[in-house]
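**Q** Just my_file.tsv, nothing more (TSV, C-alpha atoms):
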chain	number	residue	atom	x	y	z
A	1	MET	CA	-59.51	17.05	94.49
A	2	LYS	CA	-61.86	19.93	93.62
A	3	ASN	CA	-61.41	19.20	89.90
A	4	ILE	CA	-62.39	15.58	90.42
A	5	LEU	CA	-65.53	16.54	92.34
A	6	VAL	CA	-66.48	19.06	89.65
A	7	ALA	CA	-66.00	16.46	86.90
A	8	PHE	CA	-68.21	14.01	88.81
A	9	VAL	CA	-71.03	16.52	89.36
A	10	VAL	CA	-70.84	17.67	85.73
A	11	GLY	CA	-71.04	14.01	84.64
A	12	VAL	CA	-74.19	13.41	86.72
A	13	LEU	CA	-75.86	16.61	85.48
A	14	PHE	CA	-74.91	15.87	81.88
A	15	ALA	CA	-76.38	12.35	82.12
A	16	LEU	CA	-79.62	13.66	83.65
A	17	GLY	CA	-79.86	16.25	80.87
A	18	LEU	CA	-79.40	13.52	78.25
A	19	GLY	CA	-82.06	11.33	79.85
A	20	ILE	CA	-84.62	14.12	80.33
A	21	SER	CA	-84.08	15.40	76.79
A	22	GLY	CA	-84.72	11.96	75.25
A	23	MET	CA	-81.22	11.50	73.82
A	24	THR	CA	-80.73	8.15	75.59
A	25	GLN	CA	-83.51	6.79	73.36
A	26	PRO	CA	-81.79	5.85	70.09
A	27	GLN	CA	-85.05	6.12	68.10
A	28	LYS	CA	-85.08	9.86	68.84
A	29	VAL	CA	-81.57	10.31	67.43
A	30	ILE	CA	-82.31	8.18	64.37
A	31	GLY	CA	-85.63	10.06	64.04
A	32	PHE	CA	-83.77	13.38	63.93
A	33	LEU	CA	-81.45	12.12	61.19
A	34	ASP	CA	-84.38	10.62	59.26
A	35	ILE	CA	-85.27	13.84	57.45
A	36	PHE	CA	-86.85	12.01	54.50
A	37	ALA	CA	-89.43	10.14	56.61
A	38	ASN	CA	-90.92	10.88	60.06
A	39	TRP	CA	-88.60	13.64	61.15
A	40	ASP	CA	-88.29	14.05	64.94
A	41	PRO	CA	-86.95	17.54	65.77
A	42	SER	CA	-86.20	16.70	69.47
A	43	LEU	CA	-82.42	16.77	68.99
A	44	LEU	CA	-82.68	20.28	67.58
A	45	PHE	CA	-84.35	21.43	70.82
A	46	VAL	CA	-81.64	19.68	72.87
A	47	MET	CA	-78.89	21.40	70.88
A	48	GLY	CA	-80.84	24.67	71.09
A	49	GLY	CA	-81.08	24.41	74.88
A	50	ALA	CA	-77.44	23.37	75.35
A	51	VAL	CA	-75.87	25.80	72.88
A	52	GLY	CA	-78.33	28.55	73.91
A	53	VAL	CA	-77.11	28.38	77.52
A	54	HIS	CA	-73.43	27.83	76.75
A	55	TRP	CA	-73.33	30.51	74.04
A	56	VAL	CA	-74.07	33.11	76.74
A	57	THR	CA	-72.08	31.58	79.62
A	58	TYR	CA	-68.98	30.89	77.48
A	59	ARG	CA	-68.54	34.55	76.60
A	60	TRP	CA	-69.01	35.59	80.19
A	61	ILE	CA	-66.73	32.87	81.64
A	62	VAL	CA	-63.70	33.41	79.38
A	63	LYS	CA	-63.51	37.07	80.41
A	64	ARG	CA	-61.93	35.77	83.61
A	65	PRO	CA	-58.12	35.48	83.63
A	66	ALA	CA	-58.39	31.82	84.69
A	67	PRO	CA	-60.96	29.21	85.75
A	68	LEU	CA	-61.85	29.05	89.46
A	69	PHE	CA	-60.15	25.71	90.26
A	70	SER	CA	-57.27	25.67	87.78
A	71	ALA	CA	-54.31	27.94	87.10
A	72	ARG	CA	-55.08	28.22	83.39
A	73	TRP	CA	-57.58	27.44	80.64
A	74	HIS	CA	-57.35	24.06	78.91
A	75	LEU	CA	-59.18	24.94	75.68
A	76	PRO	CA	-58.48	23.39	72.26
A	77	GLN	CA	-56.01	25.56	70.35
A	78	LYS	CA	-56.13	23.99	66.89
A	79	THR	CA	-57.77	26.10	64.20
A	80	ASP	CA	-56.82	24.39	60.93
A	81	LEU	CA	-59.19	22.19	58.97
A	82	THR	CA	-57.64	18.78	58.32
A	83	TYR	CA	-58.59	15.66	56.37
A	84	ALA	CA	-58.62	13.73	59.64
A	85	LEU	CA	-61.20	16.11	61.11
A	86	VAL	CA	-63.56	15.67	58.17
A	87	ILE	CA	-63.02	11.93	57.53
A	88	GLY	CA	-63.20	11.15	61.26
A	89	SER	CA	-66.45	13.12	61.56
A	90	LEU	CA	-67.86	11.31	58.52
A	91	LEU	CA	-67.09	7.91	60.06
A	92	PHE	CA	-68.52	9.02	63.40
A	93	GLY	CA	-71.70	10.27	61.70
A	94	VAL	CA	-72.22	6.99	59.86
A	95	GLY	CA	-71.94	5.05	63.13
A	96	TRP	CA	-74.16	7.57	64.92
A	97	GLY	CA	-76.94	7.06	62.39
A	98	LEU	CA	-76.46	3.30	62.30
A	99	ALA	CA	-77.23	2.74	65.99
A	100	GLY	CA	-78.58	6.08	67.29
A	101	PHE	CA	-75.86	6.30	69.93
A	102	CYS	CA	-73.03	8.78	70.40
A	103	PRO	CA	-70.49	8.48	73.26
A	104	GLY	CA	-72.39	10.43	75.99
A	105	PRO	CA	-75.78	8.72	75.72
A	106	ALA	CA	-74.10	5.30	75.24
A	107	LEU	CA	-72.07	5.64	78.47
A	108	THR	CA	-75.12	6.95	80.34
A	109	SER	CA	-77.25	4.05	79.05
A	110	LEU	CA	-74.72	1.51	80.37
A	111	ALA	CA	-76.33	1.97	83.78
A	112	SER	CA	-79.63	0.59	82.46
A	113	LEU	CA	-77.76	-2.73	81.91
A	114	GLN	CA	-79.37	-3.22	78.50
A	115	VAL	CA	-77.51	-5.31	75.95
A	116	LYS	CA	-77.12	-2.76	73.13
A	117	PRO	CA	-75.37	0.01	75.07
A	118	ILE	CA	-72.96	-2.56	76.54
A	119	TYR	CA	-72.03	-3.90	73.09
A	120	PHE	CA	-71.87	-0.36	71.71
A	121	VAL	CA	-69.52	0.95	74.41
A	122	LEU	CA	-67.24	-2.10	74.21
A	123	SER	CA	-66.93	-1.81	70.43
A	124	MET	CA	-66.48	1.98	70.72
A	125	ILE	CA	-63.50	1.37	73.04
A	126	VAL	CA	-62.11	-1.16	70.55
A	127	GLY	CA	-62.61	1.46	67.79
A	128	MET	CA	-60.63	4.02	69.78
A	129	TYR	CA	-57.73	1.58	70.18
A	130	LEU	CA	-57.99	0.64	66.49
A	131	PHE	CA	-57.55	4.29	65.54
A	132	ARG	CA	-54.36	4.47	67.64
A	133	LEU	CA	-53.03	1.46	65.78
A	134	PHE	CA	-54.04	2.97	62.42
A	135	ASP	CA	-52.40	6.26	63.43
A	136	LYS	CA	-49.08	4.48	64.07
A	137	PHE	CA	-48.94	3.23	60.47
A	138	PHE	CA	-50.63	6.17	58.75
A	139	PRO	CA	-49.99	9.21	60.93
A	140	ALA	CA	-51.91	12.27	59.78
A	141	LYS	CA	-52.31	15.74	61.20
A	142	ARG	CA	-55.45	15.77	63.29
B	1	MET	CA	-94.73	23.40	71.12
B	2	ASN	CA	-95.53	20.03	72.66
B	3	ASN	CA	-94.47	18.72	76.04
B	4	GLU	CA	-91.81	16.40	74.62
B	5	TRP	CA	-90.03	19.27	72.89
B	6	LEU	CA	-90.13	21.32	76.09
B	7	LEU	CA	-88.46	18.42	77.93
B	8	SER	CA	-85.81	18.28	75.19
B	9	LEU	CA	-85.18	22.00	75.57
B	10	PHE	CA	-84.98	21.67	79.36
B	11	GLY	CA	-82.67	18.64	79.18
B	12	GLY	CA	-80.53	20.52	76.67
B	13	ALA	CA	-80.32	23.47	79.06
B	14	CYS	CA	-79.12	21.07	81.82
B	15	ILE	CA	-76.35	19.95	79.44
B	16	GLY	CA	-75.53	23.61	78.75
B	17	ILE	CA	-75.25	24.30	82.50
B	18	ALA	CA	-73.11	21.16	82.98
B	19	VAL	CA	-70.56	22.15	80.31
B	20	SER	CA	-70.55	25.73	81.65
B	21	LEU	CA	-69.67	24.48	85.15
B	22	MET	CA	-66.84	22.39	83.68
B	23	LEU	CA	-65.49	25.49	81.93
B	24	LEU	CA	-65.94	27.97	84.79
B	25	LEU	CA	-64.51	25.68	87.49
B	26	ASN	CA	-62.02	23.36	85.72
B	27	GLY	CA	-61.39	25.44	82.59
B	28	ARG	CA	-62.11	22.51	80.31
B	29	VAL	CA	-64.27	21.60	77.35
B	30	THR	CA	-66.68	18.72	78.07
B	31	GLY	CA	-65.90	16.46	75.13
B	32	ILE	CA	-67.03	12.98	76.07
B	33	SER	CA	-65.16	11.01	73.39
B	34	GLY	CA	-61.94	12.85	74.28
B	35	ILE	CA	-62.48	12.31	78.01
B	36	LEU	CA	-63.05	8.56	77.47
B	37	ASN	CA	-60.07	8.29	75.13
B	38	GLY	CA	-57.94	9.91	77.84
B	39	VAL	CA	-59.04	7.20	80.29
B	40	LEU	CA	-58.04	4.45	77.84
B	41	VAL	CA	-54.57	5.88	77.31
B	42	PRO	CA	-53.83	7.49	80.66
B	43	GLU	CA	-51.42	10.38	81.10
B	44	LYS	CA	-50.05	10.99	84.55
B	45	GLY	CA	-51.97	13.64	86.48
B	46	ASP	CA	-54.66	13.96	83.80
B	47	THR	CA	-56.73	10.85	84.36
B	48	GLY	CA	-58.51	11.12	87.73
B	49	TRP	CA	-61.02	13.78	86.69
B	50	ARG	CA	-61.79	11.84	83.51
B	51	VAL	CA	-62.56	8.66	85.44
B	52	PHE	CA	-64.80	10.60	87.82
B	53	PHE	CA	-66.61	12.32	84.95
B	54	VAL	CA	-67.42	8.94	83.38
B	55	GLY	CA	-68.41	7.71	86.86
B	56	GLY	CA	-70.75	10.71	87.08
B	57	LEU	CA	-72.38	9.74	83.78
B	58	LEU	CA	-72.92	6.21	85.12
B	59	VAL	CA	-74.38	7.47	88.41
B	60	GLY	CA	-76.65	9.83	86.44
B	61	GLY	CA	-77.67	6.86	84.29
B	62	ALA	CA	-78.39	4.81	87.41
B	63	LEU	CA	-80.55	7.62	88.83
B	64	LEU	CA	-82.49	7.75	85.56
B	65	THR	CA	-82.91	3.97	85.57
B	66	VAL	CA	-84.54	4.18	89.00
B	67	LEU	CA	-86.46	7.46	88.75
B	68	ARG	CA	-87.29	7.66	85.05
B	69	PRO	CA	-86.85	4.23	83.44
B	70	GLU	CA	-88.64	5.38	80.26
B	71	SER	CA	-85.45	7.33	79.49
B	72	PHE	CA	-83.97	4.06	78.23
B	73	PHE	CA	-86.90	2.71	76.20
B	74	ASP	CA	-85.44	1.55	72.91
B	75	THR	CA	-87.97	0.99	70.14
B	76	THR	CA	-85.43	0.69	67.31
B	77	GLY	CA	-85.01	-2.59	65.49
B	78	THR	CA	-81.22	-2.33	65.34
B	79	SER	CA	-79.41	-5.66	65.41
B	80	LEU	CA	-76.44	-6.39	67.67
B	81	GLY	CA	-74.20	-6.64	64.59
B	82	GLN	CA	-75.34	-3.16	63.53
B	83	VAL	CA	-74.67	-1.81	67.03
B	84	ILE	CA	-71.16	-3.32	67.06
B	85	ILE	CA	-70.23	-1.86	63.65
B	86	ALA	CA	-71.67	1.49	64.79
B	87	GLY	CA	-69.60	1.40	67.98
B	88	LEU	CA	-66.40	0.67	66.06
B	89	LEU	CA	-67.09	3.56	63.67
B	90	VAL	CA	-67.97	5.97	66.50
B	91	GLY	CA	-64.85	5.07	68.49
B	92	PHE	CA	-62.51	5.27	65.50
B	93	GLY	CA	-64.16	8.36	64.01
B	94	THR	CA	-64.38	10.47	67.16
B	95	VAL	CA	-60.67	10.07	67.96
B	96	MET	CA	-59.69	10.70	64.33
B	97	GLY	CA	-62.05	13.70	64.15
B	98	SER	CA	-61.05	15.06	67.61
B	99	GLY	CA	-64.55	15.03	69.06
B	100	CYS	CA	-68.21	14.08	69.10
B	101	THR	CA	-71.61	15.62	69.72
B	102	SER	CA	-70.60	17.11	73.08
B	103	GLY	CA	-67.12	18.47	72.35
B	104	HIS	CA	-67.77	19.67	68.80
B	105	GLY	CA	-71.58	19.92	68.73
B	106	VAL	CA	-72.23	21.69	72.03
B	107	CYS	CA	-68.95	23.21	73.30
B	108	GLY	CA	-67.29	23.94	69.96
B	109	VAL	CA	-70.38	25.37	68.28
B	110	SER	CA	-70.95	27.63	71.31
B	111	ARG	CA	-67.36	28.86	71.00
B	112	LEU	CA	-67.86	29.32	67.24
B	113	SER	CA	-64.81	27.13	66.61
B	114	ILE	CA	-64.47	26.71	62.86
B	115	ARG	CA	-63.19	23.15	63.28
B	116	SER	CA	-66.19	22.21	65.40
B	117	LEU	CA	-68.67	23.87	63.03
B	118	VAL	CA	-67.20	21.85	60.13
B	119	ALA	CA	-67.13	18.63	62.19
B	120	THR	CA	-70.73	19.08	63.38
B	121	ALA	CA	-72.06	19.78	59.88
B	122	THR	CA	-70.10	16.74	58.64
B	123	PHE	CA	-71.33	14.22	61.21
B	124	ILE	CA	-74.95	15.38	60.92
B	125	PHE	CA	-74.70	15.06	57.13
B	126	ALA	CA	-73.12	11.59	57.45
B	127	GLY	CA	-75.76	10.55	60.00
B	128	ILE	CA	-78.59	11.59	57.67
B	129	LEU	CA	-76.94	9.68	54.84
B	130	SER	CA	-76.42	6.62	57.04
B	131	VAL	CA	-80.06	6.49	58.19
B	132	TRP	CA	-81.26	7.03	54.63
B	133	ILE	CA	-79.09	4.24	53.23
B	134	VAL	CA	-80.12	1.80	55.94
B	135	ARG	CA	-83.79	2.62	55.40
B	136	PHE	CA	-83.95	2.57	51.61
B	137	PHE	CA	-81.33	0.05	50.54
B	138	LEU	CA	-81.22	-2.38	53.41
B	139	GLY	CA	-84.87	-2.33	54.41
B	140	GLY	CA	-84.54	-0.64	57.77
B	141	HIS	CA	-81.82	-2.73	59.41
B	142	LEU	CA	-78.64	-4.64	58.68
Since I need it in another form, could you write the structure as structure tokens?
**A**
Amino acid sequence: MKNILVAFVVGVLFALGLGISGMTQPQKVIGFLDIFANWDPSLLFVMGGAVGVHWVTYRWIVKRPAPLFSARWHLPQKTDLTYALVIGSLLFGVGWGLAGFCPGPALTSLASLQVKPIYFVLSMIVGMYLFRLFDKFFPAKR
Amino acid sequence: MNNEWLLSLFGGACIGIAVSLMLLLNGRVTGISGILNGVLVPEKGDTGWRVFFVGGLLVGGALLTVLRPESFFDTTGTSLGQVIIAGLLVGFGTVMGSGCTSGHGVCGVSRLSIRSLVATATFIFAGILSVWIVRFFLGGHL
């Protein structure tokens, strides 16, 4: 119950942060990636703010034996670099630049009931299922 | 530093606080593509918090729509076809690459995870390439 409430509050705060920072405006994301034309550094400030805060808090938080509302940590354990990691990130990056949306801002923008985020999220969900299908025929270490 | 960049920094800090709360309280990384993927293919006992996190994003998006509608101004000339291809790539790529801008870019970079550092460099590189190709070879849009 507590975990569900935490996840909800974190979701709201995350969405507000995305909106305030300008990341729900796809032209700002495309502008950041457009380094050969009118470069918009906004995304760098967003990453700076987010990583700047979490850099400090992460090191302080993981000193605890366990999180407050769970018996153990649920952190990613993989450390090896795989083809899937690199190829998947390449494909993601191409799509990111093509529309100016990544998963967080796209889901947040759904609430504005605009056409593009709705199409983006639906096709993103299809893409996730397509990968599962692909993974059945060509399983690779992720 | 102009006002827009300050807002980006502040919004970024909100995101940093949000992911820190998720870690301190629930012991989890806030990776939005992974959370969504977990909703699509539910595992018993590990789905409720994911649904509520996505619900939180939507409620945050609704608050922004009411209080700060300019958060969703879209001045890009992307076509619906472009958005659909982008969504497919983002969905497929983020599951294959084990994460997106939030999980790899914010949480992973803060943890100095080598996998996340490689993934983040890769998707930013691919995004730059994607925007460049669209702009110079396809005349700005597909």
**Q** I'd like the neighbourhood of Val109 of chain B as an MDAnalysis selection string, where a residue qualifies if any of its atoms comes within 10 Å (using all atoms listed in the file), though same-chain residues fewer than 6 positions away should be ignored.
**A** (chainID A and resid 47 51 54:55) or (chainID B and resid 101:103 115:120)
**Q** State, in Å with one decimal place, the distance from atom CA of Gly11 of chain A to atom CA of Leu40 of chain B.
**A**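 According to the coordinates, atom CA of Gly11 of chain A and atom CA of Leu40 of chain B are separated by 17.5 Å.
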**Q** Taking into account only C-alpha atoms, which residue in the set B:Asn2, B:Ile35, B:Cys107, B:Leu80 is nearest to Ser20 of chain B?
**A**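 Using only C-alpha atoms, Ser20 of chain B sits closest to B:Cys107.
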**Q** Pick the closest to Arg132 of chain A from B:Cys100, B:Val41, B:Val51, B:Ala126: which is it, counting all atoms listed in the file?
**A**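 Closest residue, counting all atoms listed in the file: B:Val41.
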**Q** If you measure from atom CA of Leu58 of chain B to atom CA of Phe8 of chain A, what distance in Å do you get, rounded to one decimal?
**A**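 One can read the atom CA of Leu58 of chain B to atom CA of Phe8 of chain A distance as 9.8 Å.
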**Q** Name the closest residue to Lys2 of chain A among the candidates B:Ile17, B:Leu25, B:Glu4, B:Leu9; distances are taken between atoms, counting all atoms listed in the file.
**A** B:Leu25
**Q** What separation in Å, quoted to one decimal, exists between atom CA of Leu68 of chain A and atom CA of Val6 of chain A?
**A**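 So the answer is 11.0 Å.
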**Q** Give the answer as one residue: which of A:Leu91, A:Met1, A:Val29, A:Ala71 has the shortest atom-to-atom distance to chain B, using all atoms listed in the file?
**A**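 The shortest atom-to-atom distance to chain B comes from A:Leu91.
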**Q** Every residue with an atom at most 12 Å from (-83.9, 4.3, 86.1) (file coordinates; all atoms listed in the file) is what I'm after, so could you write them as a PyMOL selection string?
**A** (chain A and resi 15-16+19-20+24+108-114) or (chain B and resi 58-73)
**Q** Go through B:Gly81, B:Gly31, B:Gly87, B:Gly45 and flag the residue nearest chain A, using all atoms listed in the file for the distances.
**A**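 Checking each candidate against chain A, we get B:Gly87 as the closest.
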**Q** Considering all atoms listed in the file, can you say which of B:Ser130, B:Ser110, B:Ser98, B:Gln82 comes closest to Val86 of chain A?
**A**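 Among the listed residues, the smallest separation from Val86 of chain A belongs to B:Ser98.
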**Q** Name all residues at most 9 Å from Phe45 of chain A (count all atoms listed in the file; drop same-chain ones fewer than 2 positions away) and give them as a count of residues only.
**A** 16
**Q** Given the point (-61.3, 30.4, 78.8) in the coordinates of this file, which residues lie within 8 Å, counting only C-alpha atoms, and how would they look as JSON, numbers by chain?
**A** {"A": [58, 61, 62, 63, 64, 65, 66, 67, 73, 74, 75], "B": [23, 24, 27]}
**Q** Within 12 Å of Cys102 of chain A, counting all atoms listed in the file, which residues show up once you throw out same-chain ones fewer than 3 positions away? Write them as a ChimeraX atom specification, please.
**A** /A:18,23-26,29-30,89,91-99,105-109,117,120-121,124 /B:31-33,83,86-91,93-94,99-103,105,123-124,127
**Q** Restore N, CA and C atoms in segment 87-115 of chain B and list the result as a PDB file, in the coordinates of the input.
**A**
ATOM      1  N   GLY B  87     -70.521   1.079  66.896  1.00  0.00           N
ATOM      2  CA  GLY B  87     -69.600   1.400  67.980  1.00  0.00           C
ATOM      3  C   GLY B  87     -68.174   1.537  67.492  1.00  0.00           C
ATOM      4  N   LEU B  88     -67.762   0.608  66.625  1.00  0.00           N
ATOM      5  CA  LEU B  88     -66.400   0.670  66.060  1.00  0.00           C
ATOM      6  C   LEU B  88     -66.199   1.977  65.303  1.00  0.00           C
ATOM      7  N   LEU B  89     -67.180   2.334  64.465  1.00  0.00           N
ATOM      8  CA  LEU B  89     -67.090   3.560  63.670  1.00  0.00           C
ATOM      9  C   LEU B  89     -67.058   4.805  64.571  1.00  0.00           C
ATOM     10  N   VAL B  90     -67.903   4.801  65.601  1.00  0.00           N
ATOM     11  CA  VAL B  90     -67.970   5.970  66.500  1.00  0.00           C
ATOM     12  C   VAL B  90     -66.654   6.113  67.270  1.00  0.00           C
ATOM     13  N   GLY B  91     -66.108   5.004  67.760  1.00  0.00           N
ATOM     14  CA  GLY B  91     -64.850   5.070  68.490  1.00  0.00           C
ATOM     15  C   GLY B  91     -63.709   5.553  67.610  1.00  0.00           C
ATOM     16  N   PHE B  92     -63.569   4.929  66.453  1.00  0.00           N
ATOM     17  CA  PHE B  92     -62.510   5.270  65.500  1.00  0.00           C
ATOM     18  C   PHE B  92     -62.674   6.717  65.023  1.00  0.00           C
ATOM     19  N   GLY B  93     -63.896   7.050  64.613  1.00  0.00           N
ATOM     20  CA  GLY B  93     -64.160   8.360  64.010  1.00  0.00           C
ATOM     21  C   GLY B  93     -64.019   9.525  64.975  1.00  0.00           C
ATOM     22  N   THR B  94     -64.442   9.333  66.234  1.00  0.00           N
ATOM     23  CA  THR B  94     -64.380  10.470  67.160  1.00  0.00           C
ATOM     24  C   THR B  94     -62.944  10.782  67.566  1.00  0.00           C
ATOM     25  N   VAL B  95     -62.075   9.757  67.625  1.00  0.00           N
ATOM     26  CA  VAL B  95     -60.670  10.070  67.960  1.00  0.00           C
ATOM     27  C   VAL B  95     -60.000  10.702  66.737  1.00  0.00           C
ATOM     28  N   MET B  96     -60.264  10.139  65.554  1.00  0.00           N
ATOM     29  CA  MET B  96     -59.690  10.700  64.330  1.00  0.00           C
ATOM     30  C   MET B  96     -60.173  12.149  64.122  1.00  0.00           C
ATOM     31  N   GLY B  97     -61.449  12.389  64.386  1.00  0.00           N
ATOM     32  CA  GLY B  97     -62.050  13.700  64.150  1.00  0.00           C
ATOM     33  C   GLY B  97     -62.001  14.637  65.356  1.00  0.00           C
ATOM     34  N   SER B  98     -61.267  14.232  66.403  1.00  0.00           N
ATOM     35  CA  SER B  98     -61.050  15.060  67.610  1.00  0.00           C
ATOM     36  C   SER B  98     -62.328  15.469  68.337  1.00  0.00           C
ATOM     37  N   GLY B  99     -63.401  14.671  68.234  1.00  0.00           N
ATOM     38  CA  GLY B  99     -64.550  15.030  69.060  1.00  0.00           C
ATOM     39  C   GLY B  99     -65.860  14.452  68.589  1.00  0.00           C
ATOM     40  N   CYS B 100     -66.886  14.626  69.429  1.00  0.00           N
ATOM     41  CA  CYS B 100     -68.210  14.080  69.100  1.00  0.00           C
ATOM     42  C   CYS B 100     -69.266  15.155  69.284  1.00  0.00           C
ATOM     43  N   THR B 101     -70.477  14.709  69.599  1.00  0.00           N
ATOM     44  CA  THR B 101     -71.610  15.620  69.720  1.00  0.00           C
ATOM     45  C   THR B 101     -71.433  16.633  70.857  1.00  0.00           C
ATOM     46  N   SER B 102     -70.774  16.195  71.940  1.00  0.00           N
ATOM     47  CA  SER B 102     -70.600  17.110  73.080  1.00  0.00           C
ATOM     48  C   SER B 102     -69.475  18.099  72.839  1.00  0.00           C
ATOM     49  N   GLY B 103     -68.284  17.589  72.512  1.00  0.00           N
ATOM     50  CA  GLY B 103     -67.120  18.470  72.350  1.00  0.00           C
ATOM     51  C   GLY B 103     -67.245  19.401  71.156  1.00  0.00           C
ATOM     52  N   HIS B 104     -67.592  18.839  69.991  1.00  0.00           N
ATOM     53  CA  HIS B 104     -67.770  19.670  68.800  1.00  0.00           C
ATOM     54  C   HIS B 104     -69.165  20.317  68.787  1.00  0.00           C
ATOM     55  N   GLY B 105     -70.196  19.475  68.949  1.00  0.00           N
ATOM     56  CA  GLY B 105     -71.580  19.920  68.730  1.00  0.00           C
ATOM     57  C   GLY B 105     -72.068  20.946  69.729  1.00  0.00           C
ATOM     58  N   VAL B 106     -71.742  20.750  71.017  1.00  0.00           N
ATOM     59  CA  VAL B 106     -72.230  21.690  72.030  1.00  0.00           C
ATOM     60  C   VAL B 106     -71.147  22.737  72.370  1.00  0.00           C
ATOM     61  N   CYS B 107     -69.979  22.259  72.834  1.00  0.00           N
ATOM     62  CA  CYS B 107     -68.950  23.210  73.300  1.00  0.00           C
ATOM     63  C   CYS B 107     -68.352  23.999  72.140  1.00  0.00           C
ATOM     64  N   GLY B 108     -67.955  23.280  71.082  1.00  0.00           N
ATOM     65  CA  GLY B 108     -67.290  23.940  69.960  1.00  0.00           C
ATOM     66  C   GLY B 108     -68.187  24.901  69.207  1.00  0.00           C
ATOM     67  N   VAL B 109     -69.437  24.478  68.983  1.00  0.00           N
ATOM     68  CA  VAL B 109     -70.380  25.370  68.280  1.00  0.00           C
ATOM     69  C   VAL B 109     -70.629  26.618  69.122  1.00  0.00           C
ATOM     70  N   SER B 110     -70.748  26.467  70.449  1.00  0.00           N
ATOM     71  CA  SER B 110     -70.950  27.630  71.310  1.00  0.00           C
ATOM     72  C   SER B 110     -69.769  28.588  71.250  1.00  0.00           C
ATOM     73  N   ARG B 111     -68.563  28.013  71.067  1.00  0.00           N
ATOM     74  CA  ARG B 111     -67.360  28.860  71.000  1.00  0.00           C
ATOM     75  C   ARG B 111     -67.143  29.389  69.581  1.00  0.00           C
ATOM     76  N   LEU B 112     -67.994  28.967  68.659  1.00  0.00           N
ATOM     77  CA  LEU B 112     -67.860  29.320  67.240  1.00  0.00           C
ATOM     78  C   LEU B 112     -66.515  28.880  66.679  1.00  0.00           C
ATOM     79  N   SER B 113     -66.042  27.704  67.139  1.00  0.00           N
ATOM     80  CA  SER B 113     -64.810  27.130  66.610  1.00  0.00           C
ATOM     81  C   SER B 113     -65.071  26.648  65.185  1.00  0.00           C
ATOM     82  N   ILE B 114     -64.241  27.070  64.263  1.00  0.00           N
ATOM     83  CA  ILE B 114     -64.470  26.710  62.860  1.00  0.00           C
ATOM     84  C   ILE B 114     -64.331  25.206  62.664  1.00  0.00           C
ATOM     85  N   ARG B 115     -63.366  24.602  63.374  1.00  0.00           N
ATOM     86  CA  ARG B 115     -63.190  23.150  63.280  1.00  0.00           C
ATOM     87  C   ARG B 115     -64.440  22.410  63.747  1.00  0.00           C
TER      88      ARG B 115
END
